[in-house]
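Undergrad: Structure below; questions to follow.
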Amino acid sequence: MNYKILLVDDDKDLLQMLSSYFELKGYFIETAVNGLEAMERIKDAPDIILLDVNMPGLDGLEVCRQIRDKISCPIMFLTAKVEEQDRINGLMVGGDDYALKPFSLKELEARITAHLKREERHKNKSEYRFRDGLMIDYTARTVKLNGCAVEFTKTEYAIIEFLSMHPGQVFDKERIYEKVCGYDGEGDSRGMTELVRRIRRKLSVHTTAEYIETVWGMGYRWKK
């Protein structure tokens, strides 16, 4: 399958290099040099977006915030530096991964391949899970509680999916990050804590049942 990558960066030399590399690998490439162009290009339904964080005008975080509810494809941020708060901010607006500049093209390609394969697995699933009024549709990637749809960001849903498919198993925060975000999440425990808090808050609007259990000093598990 020939996947389509949308590359968004105000560095035209970098865009040209990435375009040439991934076109040789068989990808369809679209480019944008700023946030406004990126907003237009998403109409062409890319399979994955590589999005520069630091662009003049509409930066990458704001672009992600505005398009996340319109598309479900993976979004990987490109940035010159990543502090813990940067990762938290990116996850909060719906990003899936970070690539730190300067990056290895082979590593970047490997990350892109991993995200695309994960998306294909999601599309091929046809399974539901029910418990205490909760229904998770793994094909449509939706969650309903007592018949009401509950909206989650892509990363929030990925956490729910991963934990719910392994009920009773305890996973530490770094392991969850690695599975749902595709990168080493070491040092991002505060981000995971915030994401779980947001998931619980959204669920609590519709039920008093607890689904994600904190195992102190170890991590989280989905209650059986």
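Residues in the structure tokens are numbered from 1 in each chain, the chains being A, B, ... in the order shown, and ligands are numbered from 1 in the order shown.
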Contacts of Val63 (chain A) at 8 Å or less, counting only C-alpha atoms, minus same-chain residues fewer than 5 places along, as an mmCIF file with N, CA, C and O atoms, in the first residue's frame?
TA:
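Writing done, so here's out-v7.cif:
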data_model
loop_
_atom_site.group_PDB
_atom_site.id
_atom_site.type_symbol
_atom_site.label_atom_id
_atom_site.label_comp_id
_atom_site.auth_asym_id
_atom_site.auth_seq_id
_atom_site.Cartn_x
_atom_site.Cartn_y
_atom_site.Cartn_z
ATOM 1 N N GLY A 35 1.380 26.666 9.112
ATOM 2 C CA GLY A 35 0.185 26.068 9.686
ATOM 3 C C GLY A 35 -1.054 26.208 8.831
ATOM 4 O O GLY A 35 -1.871 25.289 8.750
ATOM 5 N N ALA A 38 -1.005 23.737 6.105
ATOM 6 C CA ALA A 38 -1.268 22.407 6.668
ATOM 7 C C ALA A 38 -2.758 22.171 6.841
ATOM 8 O O ALA A 38 -3.266 21.080 6.568
ATOM 9 N N MET A 39 -3.484 23.200 7.294
ATOM 10 C CA MET A 39 -4.928 23.086 7.489
ATOM 11 C C MET A 39 -5.629 22.762 6.175
ATOM 12 O O MET A 39 -6.627 22.046 6.144
ATOM 13 N N LEU A 58 0.809 30.278 12.971
ATOM 14 C CA LEU A 58 0.106 29.135 13.533
ATOM 15 C C LEU A 58 1.109 28.015 13.775
ATOM 16 O O LEU A 58 1.578 27.367 12.840
#
Undergrad: Would you list the contacts of Met92 (chain A) as a list in words, taking every protein, DNA or RNA residue within 10 Å and counting only C-alpha atoms, but skipping same-chain residues closer than 2 positions in sequence?
TA: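 With the cut-off at 10 Å, the set is Leu61, Cys64, Arg65, Asp86, Arg87, Ile88, Asn89, Gly90, Gly94, Gly95, Asp96, Thr153, Lys154, Thr155, Glu156, Gly191, Glu194, Leu195 and Arg198 of chain A.
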Undergrad: Which residue is closest to Phe103 (chain A)? Choose from A:Pro167, A:Phe162, A:Leu145, A:Thr79 and count only C-alpha atoms.
TA: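 That would be A:Thr79, the residue with the smallest distance to Phe103 (chain A).
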Undergrad: Need to verify the contact set: Thr193 (chain A), 10 Å, only C-alpha atoms, exclusion of same-chain residues closer than 3 positions in sequence. Can you return it as a list of chain:residue names?
TA: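 In the requested format, the answer is A:Lys173, A:Asp188, A:Ser189, A:Arg190, A:Val196, A:Arg197, A:Arg198, A:Thr214, A:Gly219, A:Tyr220.
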Undergrad: Which neighbours of Gly60 (chain A) fall inside 9 Å, counting only C-alpha atoms, when residues of the same chain fewer than 5 positions from it are skipped, and could you give them as a compact mmCIF listing (two decimals) with C-alpha atoms, in the first residue's frame?
TA:
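Okay, around02.txt is ready:
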# COMPACT_ATOMS: atom_id res chain seq x y z
CA VAL A 8 4.78 20.41 7.54
CA ASP A 9 7.86 22.55 8.27
CA ASN A 34 3.19 26.85 7.54
CA GLY A 35 0.18 26.07 9.69
CA LEU A 51 4.38 18.47 12.00
CA ASP A 52 7.00 21.04 12.99
CA VAL A 53 6.26 22.53 16.42
CA ASN A 54 7.99 25.89 16.05
CA MET A 55 6.54 27.67 13.02
CA ARG A 65 -5.38 21.19 18.33
CA PHE A 77 5.84 16.40 16.00
CA LEU A 78 9.22 17.55 14.68
Undergrad: DSSP says helix (DSSP H, G or I) for which residues of region 56-224 of chain A? Put them as a ChimeraX atom specification?
TA: /A:60-67,84-92,105-124,154-164,173-181,189-204
Undergrad: Using only C-alpha atoms, which of A:Ala114, A:Ile212, A:Met135, A:Ile199 sits nearest Val180 (chain A)?
TA: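 Nearest to Val180 (chain A): A:Ala114.
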Undergrad: What are the DSSP strand (DSSP E or B) residues of region 6-140 of chain A, as a ChimeraX atom specification?
TA: /A:6-8,28-32,48-52,75-79,97-100,128-131,134-137
Undergrad: May I ask for the distance between CA of Lys223 (chain A) and CA of Glu174 (chain A), given in Å to one decimal place?
TA: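 Straight-line distance from CA of Lys223 (chain A) to CA of Glu174 (chain A) works out to 19.5 Å.
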Undergrad: Give me, please, the distance in Å between CA of Ile49 (chain A) and CA of Tyr177 (chain A), quoted to one decimal.
TA: 19.5 Å
Undergrad: Any idea what's packed within 9 Å of region 40-45 of chain A, counting only C-alpha atoms, ignoring anything in its chain fewer than 4 positions away? Could you give it as a PyMOL selection string?
TA: chain A and resi 4+6+30-32+35-36+49+67+70-71+73
Undergrad: Tell me, in Å to one decimal, how far CA of Ile159 (chain A) is from CA of Lys179 (chain A).
TA: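 So the answer is 8.7 Å.
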Undergrad: Kindly indicate which residue among A:Lys25, A:Lys117, A:Arg68, A:Lys202 lies nearest to Cys148 (chain A), using only C-alpha atoms for the distances.
TA: A:Lys202
Undergrad: Can you tell me, as a PyMOL selection string, what residues are no more than 9 Å from Met165 (chain A) when counting only C-alpha atoms, ignoring any on the same chain fewer than 3 positions away?
TA: chain A and resi 129+160-162+222
